[in-house]
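Peer 1: Handing you a structure now.
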Amino acid sequence: MAEKKAAVAVLYGGRSAEHEVSVVSARFIAQNLAPRFHVVLVAISRRGSWYWIPGEEIPPEPEVKEGQGIPLWVRPGVGEGGLFYLEEGKLKKLTVDAVFPALHGPFGEDGSLQGLLQVAGLPYVGAGVLGSALGMDKIAQKDVFRAHGIPTARYRGLHRDQIHGQTPDELVDLLGLPLFVKPANLGSSVGVRKAKNREELVEALALAAQYDTRIIVEEFIQGREVECSLLGHGSRVRASVVGEIFPAGEFYDYASKYLDEGSRTEAPANLPLDVVEEIQDLSRAVFQALDLSGLARVDFFVTPEGKVLVNEVNTIPGFTPISMYPKLWEKSGVSSQELVAELVELALLRHREKLSLRHDPGL
């Protein structure tokens, strides 16, 4: 008798501007989970409605539509909690052994979803509430880097009500030109602009303020853009080979990352061994400092002088066929099927660890 496959729910879609990227990532993840696991598809609409999509293939549409599947509800509690649907007027529990979030950006990668899954007693892939929140908010993330002595570019964090008046001049005086302006809590380069003068800076701040109430402004770093993928839990964290990005435009923007419009990547990157080892060591240091788990991708700059600076970390990096996270592991000898299977195992390991903790006062 064949062994019963564990059921892994792939969550995708969501309310963020990275909704369509999430659908592409989820399709790739589901395809690679299918040989070893029973895939359960959970789609989240742009309004935040949850649906169970029967079958193991994600519909071909680029986004999740309202009413696309069977409505789902999340119920809190260990054991009695989980995902539920209505059948003939009665609540039925959807069989799920672990959850694989393929959600990028707010409401999926920022700790809010992780907290929901935690109170529902569901094991899930990736960082916990704290690590996800720190990984999402670029200002808090860099504050932690600075506290841990992890090298990063100079920056300033702002609330969007601070972007007018003398602020642009103050930013130029503090950080120089050009500058990069980003929403603090979005990924995939959504809402990111490079400002070469004061007028462009004002426009970039206004754009970022459309996406987030918190905005980060960073000094421009002239250097090579490289990335390293991470896999592990606790103190046992592996770093992949280092890859390099060659953007088609001025920087690695949304189109370059997901539409493959002229940008190219190289892995392993052509870097001196000592620089590669420094990047891998710093990647592991970032993983530990932010209390991450499962997976992460750390992005770096390497200056012409050989100085290595951490740019940012992604706790649910793109998982599309052209994304660097799975490509770097492929180049490191770990297939995408092996990768997603190990991530599920790490999720179950962490869940068992949490269940083993005491919750009594210990008096």
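Ligands are numbered from 1 in the order shown, residues from 1 within each chain, and chains are lettered A, B, ... in the order they appear in the structure tokens.
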Using DSSP on the backbone coordinates, identify all residues within range 18-220 of chain A classified as strand (DSSP E or B); present the result as a ChimeraX atom specification.

Peer 2: /A:38-44,50-53,70-71,73-75,82-87,90-93,98-101,124,152,155-159,179-183,193-195,214-219

Peer 1: May I have the residues from that selection written out with C-alpha atoms, as a PDB file, in the first residue's frame?

Peer 2:
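As a result, selection-v1.pdb now contains:
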```
ATOM      1  CA  HIS A  38      -0.661  16.274  -2.004  1.00  0.00           C
ATOM      2  CA  VAL A  39      -1.018  19.912  -3.088  1.00  0.00           C
ATOM      3  CA  VAL A  40      -3.948  21.909  -1.708  1.00  0.00           C
ATOM      4  CA  LEU A  41      -4.478  25.228  -3.492  1.00  0.00           C
ATOM      5  CA  VAL A  42      -5.646  28.182  -1.420  1.00  0.00           C
ATOM      6  CA  ALA A  43      -6.220  31.360  -3.418  1.00  0.00           C
ATOM      7  CA  ILE A  44      -6.617  34.790  -1.826  1.00  0.00           C
ATOM      8  CA  TRP A  50      -9.843  32.949   0.857  1.00  0.00           C
ATOM      9  CA  TYR A  51     -10.865  30.156  -1.539  1.00  0.00           C
ATOM     10  CA  TRP A  52     -10.055  26.485  -1.851  1.00  0.00           C
ATOM     11  CA  ILE A  53      -9.355  25.613  -5.488  1.00  0.00           C
ATOM     12  CA  ILE A  70     -14.937  27.301  -2.395  1.00  0.00           C
ATOM     13  CA  PRO A  71     -14.895  29.936   0.404  1.00  0.00           C
ATOM     14  CA  TRP A  73     -12.459  30.355   6.921  1.00  0.00           C
ATOM     15  CA  VAL A  74      -9.517  30.287   9.309  1.00  0.00           C
ATOM     16  CA  ARG A  75     -10.336  29.039  12.789  1.00  0.00           C
ATOM     17  CA  GLY A  82      -7.243  25.181  10.731  1.00  0.00           C
ATOM     18  CA  LEU A  83      -8.991  25.879   7.428  1.00  0.00           C
ATOM     19  CA  PHE A  84     -12.729  25.222   7.139  1.00  0.00           C
ATOM     20  CA  TYR A  85     -15.379  25.258   4.392  1.00  0.00           C
ATOM     21  CA  LEU A  86     -19.145  24.768   4.270  1.00  0.00           C
ATOM     22  CA  GLU A  87     -20.615  21.543   2.914  1.00  0.00           C
ATOM     23  CA  LYS A  90     -21.911  22.129   8.017  1.00  0.00           C
ATOM     24  CA  LEU A  91     -18.351  23.282   8.587  1.00  0.00           C
ATOM     25  CA  LYS A  92     -15.797  20.786   7.299  1.00  0.00           C
ATOM     26  CA  LYS A  93     -12.081  20.909   8.015  1.00  0.00           C
ATOM     27  CA  ALA A  98       1.634  22.290   6.378  1.00  0.00           C
ATOM     28  CA  VAL A  99       1.222  25.621   4.616  1.00  0.00           C
ATOM     29  CA  PHE A 100       3.576  26.990   1.959  1.00  0.00           C
ATOM     30  CA  PRO A 101       2.940  30.743   1.615  1.00  0.00           C
ATOM     31  CA  TYR A 124       4.078  27.025   7.733  1.00  0.00           C
ATOM     32  CA  THR A 152      24.716  48.554   4.703  1.00  0.00           C
ATOM     33  CA  TYR A 155      19.685  55.610   4.758  1.00  0.00           C
ATOM     34  CA  ARG A 156      16.902  57.587   6.340  1.00  0.00           C
ATOM     35  CA  GLY A 157      13.400  56.416   7.201  1.00  0.00           C
ATOM     36  CA  LEU A 158      10.429  58.759   6.853  1.00  0.00           C
ATOM     37  CA  HIS A 159       6.693  58.813   7.475  1.00  0.00           C
ATOM     38  CA  LEU A 179      19.177  58.582  -4.198  1.00  0.00           C
ATOM     39  CA  PHE A 180      16.942  55.530  -4.168  1.00  0.00           C
ATOM     40  CA  VAL A 181      13.442  55.999  -2.763  1.00  0.00           C
ATOM     41  CA  LYS A 182      11.374  52.961  -1.776  1.00  0.00           C
ATOM     42  CA  PRO A 183       8.154  52.106   0.036  1.00  0.00           C
ATOM     43  CA  ARG A 193      12.569  55.195  -8.103  1.00  0.00           C
ATOM     44  CA  LYS A 194      16.095  56.481  -8.601  1.00  0.00           C
ATOM     45  CA  ALA A 195      16.273  60.252  -8.125  1.00  0.00           C
ATOM     46  CA  ARG A 214       6.769  54.479   5.700  1.00  0.00           C
ATOM     47  CA  ILE A 215       9.401  55.412   3.137  1.00  0.00           C
ATOM     48  CA  ILE A 216      13.115  54.659   3.041  1.00  0.00           C
ATOM     49  CA  VAL A 217      15.621  56.839   1.209  1.00  0.00           C
ATOM     50  CA  GLU A 218      19.059  55.333   0.552  1.00  0.00           C
ATOM     51  CA  GLU A 219      22.322  56.657  -0.771  1.00  0.00           C
TER      52      GLU A 219
END
```

Peer 1: Against range 344-353 of chain A, which residues of range 96-143 of chain A fall within 12 Å? For each one I want the closest pair of atoms and the distance in Å (one decimal), counting only C-alpha atoms, rows by chain and increasing residue number, as CSV.

Peer 2:
```
residue,atom,partner,partner_atom,distance
A:Val96,CA,A:Leu348,CA,11.9
A:Asp97,CA,A:Leu348,CA,8.5
A:Ala98,CA,A:Val344,CA,7.0
A:Val99,CA,A:Val344,CA,8.0
A:Phe100,CA,A:Val344,CA,7.4
A:Pro101,CA,A:Val344,CA,10.8
A:Gln114,CA,A:Ala347,CA,11.9
A:Leu117,CA,A:His351,CA,11.1
A:Gln118,CA,A:His351,CA,9.1
A:Val119,CA,A:His351,CA,11.9
A:Ala120,CA,A:His351,CA,12.0
A:Gly121,CA,A:His351,CA,8.6
A:Leu122,CA,A:His351,CA,8.0
A:Pro123,CA,A:His351,CA,5.4
A:Tyr124,CA,A:Ala347,CA,5.3
A:Val125,CA,A:Ala347,CA,4.8
A:Gly126,CA,A:Ala347,CA,7.0
A:Ala127,CA,A:Ala347,CA,9.2
A:Gly128,CA,A:Arg350,CA,9.6
```

Peer 1: Would you save the residues from that selection as an mmCIF file, in the first residue's frame, using C-alpha atoms?

Peer 2:
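Writing done, so here's part09.cif:
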```cif
data_model
loop_
_atom_site.group_PDB
_atom_site.id
_atom_site.type_symbol
_atom_site.label_atom_id
_atom_site.label_comp_id
_atom_site.auth_asym_id
_atom_site.auth_seq_id
_atom_site.Cartn_x
_atom_site.Cartn_y
_atom_site.Cartn_z
ATOM 1 C CA VAL A 96 -3.670 20.403 5.661
ATOM 2 C CA ASP A 97 -0.411 19.196 7.232
ATOM 3 C CA ALA A 98 1.634 22.290 6.378
ATOM 4 C CA VAL A 99 1.222 25.621 4.616
ATOM 5 C CA PHE A 100 3.576 26.990 1.959
ATOM 6 C CA PRO A 101 2.940 30.743 1.615
ATOM 7 C CA GLN A 114 2.266 34.179 9.878
ATOM 8 C CA LEU A 117 -1.412 30.621 10.731
ATOM 9 C CA GLN A 118 0.241 30.377 14.136
ATOM 10 C CA VAL A 119 -2.986 30.959 16.084
ATOM 11 C CA ALA A 120 -4.691 28.427 13.800
ATOM 12 C CA GLY A 121 -2.078 25.833 14.778
ATOM 13 C CA LEU A 122 -0.860 25.351 11.201
ATOM 14 C CA PRO A 123 2.831 24.658 10.435
ATOM 15 C CA TYR A 124 4.078 27.025 7.733
ATOM 16 C CA VAL A 125 7.153 27.545 5.576
ATOM 17 C CA GLY A 126 9.338 30.566 6.224
ATOM 18 C CA ALA A 127 10.098 33.088 8.925
ATOM 19 C CA GLY A 128 7.871 33.600 11.947
#
```

Peer 1: Taking only C-alpha atoms into account, which of A:Ala17, A:Ala285, A:Val172, A:Leu271 comes nearest Arg47 in chain A?

Peer 2: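 Among the listed residues, A:Ala17 lies closest to Arg47 in chain A.
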
Peer 1: Would you kindly return, as an mmCIF file with C-alpha atoms, in the first residue's frame, each protein, DNA or RNA residue with an atom no farther than 6 Å from any atom of Glu244 in chain A, considering only C-alpha atoms and excluding same-chain residues fewer than 2 positions away?

Peer 2:
```
data_model
loop_
_atom_site.group_PDB
_atom_site.id
_atom_site.type_symbol
_atom_site.label_atom_id
_atom_site.label_comp_id
_atom_site.auth_asym_id
_atom_site.auth_seq_id
_atom_site.Cartn_x
_atom_site.Cartn_y
_atom_site.Cartn_z
ATOM 1 C CA GLU A 225 24.434 43.607 -7.578
ATOM 2 C CA VAL A 226 24.796 40.104 -6.158
ATOM 3 C CA THR A 265 21.960 36.694 -14.273
ATOM 4 C CA GLU A 266 25.155 34.743 -13.735
ATOM 5 C CA ALA A 269 29.238 35.055 -9.920
#
```

Peer 1: For range 332-361 of chain A against range 19-33 of chain A, with a cut-off of 10 Å and counting only C-alpha atoms, what is the closest atom pair and its distance in Å to one decimal for every residue that makes the cut, ordered by chain and number, as a Markdown table?

Peer 2:
```
| residue | atom | partner | partner_atom | distance |
| --- | --- | --- | --- | --- |
| A:Ser335 | CA | A:Asn32 | CA | 9.3 |
| A:Ser336 | CA | A:Asn32 | CA | 6.3 |
| A:Gln337 | CA | A:Asn32 | CA | 4.8 |
| A:Glu338 | CA | A:Asn32 | CA | 8.4 |
| A:Leu339 | CA | A:Asn32 | CA | 8.7 |
| A:Val340 | CA | A:Leu33 | CA | 6.3 |
| A:Ala341 | CA | A:Leu33 | CA | 6.8 |
| A:Val344 | CA | A:Leu33 | CA | 9.3 |
```

Peer 1: Please produce an output containing N, CA and C atoms for each residue in the selection, written as a short mmCIF file (atom, residue, chain, number, x, y, z; two decimals), in the first residue's frame.

Peer 2:
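Once written, again_15.cif looks like this:
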```
data_model
loop_
_atom_site.label_atom_id
_atom_site.label_comp_id
_atom_site.auth_asym_id
_atom_site.auth_seq_id
_atom_site.Cartn_x
_atom_site.Cartn_y
_atom_site.Cartn_z
N SER A 335 17.95 20.57 -6.38
CA SER A 335 16.88 20.76 -7.36
C SER A 335 15.70 21.47 -6.72
N SER A 336 14.82 22.02 -7.54
CA SER A 336 13.65 22.73 -7.01
C SER A 336 12.73 21.78 -6.26
N GLN A 337 12.63 20.52 -6.70
CA GLN A 337 11.81 19.54 -5.98
C GLN A 337 12.41 19.25 -4.61
N GLU A 338 13.73 19.09 -4.55
CA GLU A 338 14.39 18.86 -3.26
C GLU A 338 14.25 20.09 -2.36
N LEU A 339 14.34 21.25 -2.96
CA LEU A 339 14.27 22.50 -2.21
C LEU A 339 12.93 22.68 -1.51
N VAL A 340 11.83 22.53 -2.26
CA VAL A 340 10.51 22.74 -1.64
C VAL A 340 10.23 21.66 -0.60
N ALA A 341 10.71 20.43 -0.84
CA ALA A 341 10.51 19.35 0.14
C ALA A 341 11.24 19.66 1.44
N VAL A 344 9.39 22.30 3.46
CA VAL A 344 8.25 21.75 4.20
C VAL A 344 8.73 21.03 5.46
#
```

Peer 1: Which residues, written as a list in words, have at least one atom at most 12 Å from Gln166 in chain A, with only C-alpha atoms counted and residues fewer than 5 positions away on the same chain left out?

Peer 2: Leu171, Val172, Asp173, Arg198 and Val202 of chain A

Peer 1: Determine, counting only C-alpha atoms, which protein, DNA and RNA residues have an atom within 7 Å of an atom of Ser16 in chain A; residues of the same chain fewer than 5 positions away are not included. Present the result as a list in words.

Peer 2: Gly105, Pro106 and Phe107 of chain A

Peer 1: Would you save the residues from that selection as an mmCIF file, in the first residue's frame, using N, CA and C atoms?

Peer 2:
```
data_model
loop_
_atom_site.group_PDB
_atom_site.id
_atom_site.type_symbol
_atom_site.label_atom_id
_atom_site.label_comp_id
_atom_site.auth_asym_id
_atom_site.auth_seq_id
_atom_site.Cartn_x
_atom_site.Cartn_y
_atom_site.Cartn_z
ATOM 1 N N GLY A 105 4.878 40.586 -0.179
ATOM 2 C CA GLY A 105 4.442 41.911 0.223
ATOM 3 C C GLY A 105 3.510 41.911 1.417
ATOM 4 N N PRO A 106 2.864 43.069 1.686
ATOM 5 C CA PRO A 106 1.972 43.200 2.843
ATOM 6 C C PRO A 106 0.858 42.161 2.843
ATOM 7 N N PHE A 107 0.440 41.774 4.030
ATOM 8 C CA PHE A 107 -0.617 40.787 4.278
ATOM 9 C C PHE A 107 -0.197 39.367 3.903
#
```

Peer 1: When you count only C-alpha atoms, which of these residues is closest to Val10 in chain A: A:Ala289, A:Val64, A:Leu103, A:Leu94?

Peer 2: A:Leu103

Peer 1: Kindly indicate which residue among A:Val286, A:Ile316, A:Ala7, A:Val78 lies nearest to Ile150 in chain A, using only C-alpha atoms for the distances.

Peer 2: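 The closest residue to Ile150 in chain A is A:Val286.
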
Peer 1: May I have the residues within 8 Å of Arg264 in chain A as a list in words, using only C-alpha atoms and disregarding those fewer than 5 positions away in the same chain?

Peer 2: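 Once the adjacent positions are removed, what remains is Ile245, Phe246, Pro247 and Ala248 of chain A.
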
Peer 1: Using only C-alpha atoms, which of A:Arg297, A:His104, A:Arg36, A:Arg15 sits nearest Lys65 in chain A?

Peer 2: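 Looking at the shortest contact to Lys65 in chain A, the residue is A:Arg15.
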
Peer 1: When distances are computed from only C-alpha atoms, which of A:Ala153, A:Ala147, A:Leu116, A:Met136 shows the smallest separation from Ala184 in chain A?

Peer 2: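 Answer, going by the shortest atom-to-atom distance: A:Met136.
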
Peer 1: Please return, as a PyMOL selection string, all residues of range 103-294 of chain A that DSSP assigns to alpha helix (DSSP H) on the basis of the backbone.

Peer 2: chain A and resi 112-119+129-136+138-147+167-175+198-211+254-258+273-289

Peer 1: Can you measure CA of Ser189 in chain A to CA of Thr315 in chain A for me? One decimal in Å is fine.

Peer 2: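 Separating CA of Ser189 in chain A from CA of Thr315 in chain A is a distance of 14.8 Å.
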
Peer 1: Using only C-alpha atoms for the distances, tell me which of A:Asp143, A:Glu277, A:Asp110, A:Glu203 is nearest to Asn314 in chain A.

Peer 2: A:Asp110

Peer 1: Between CA of Met324 in chain A and CA of Ser45 in chain A, what distance in Å does the model show, to one decimal?

Peer 2: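 If I compute the distance from CA of Met324 in chain A to CA of Ser45 in chain A, I get 26.2 Å.
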
Peer 1: As an exercise, work out the distance from CA of Ser293 in chain A to CA of Arg236 in chain A in Å and give it to one decimal place.

Peer 2: 9.9 Å
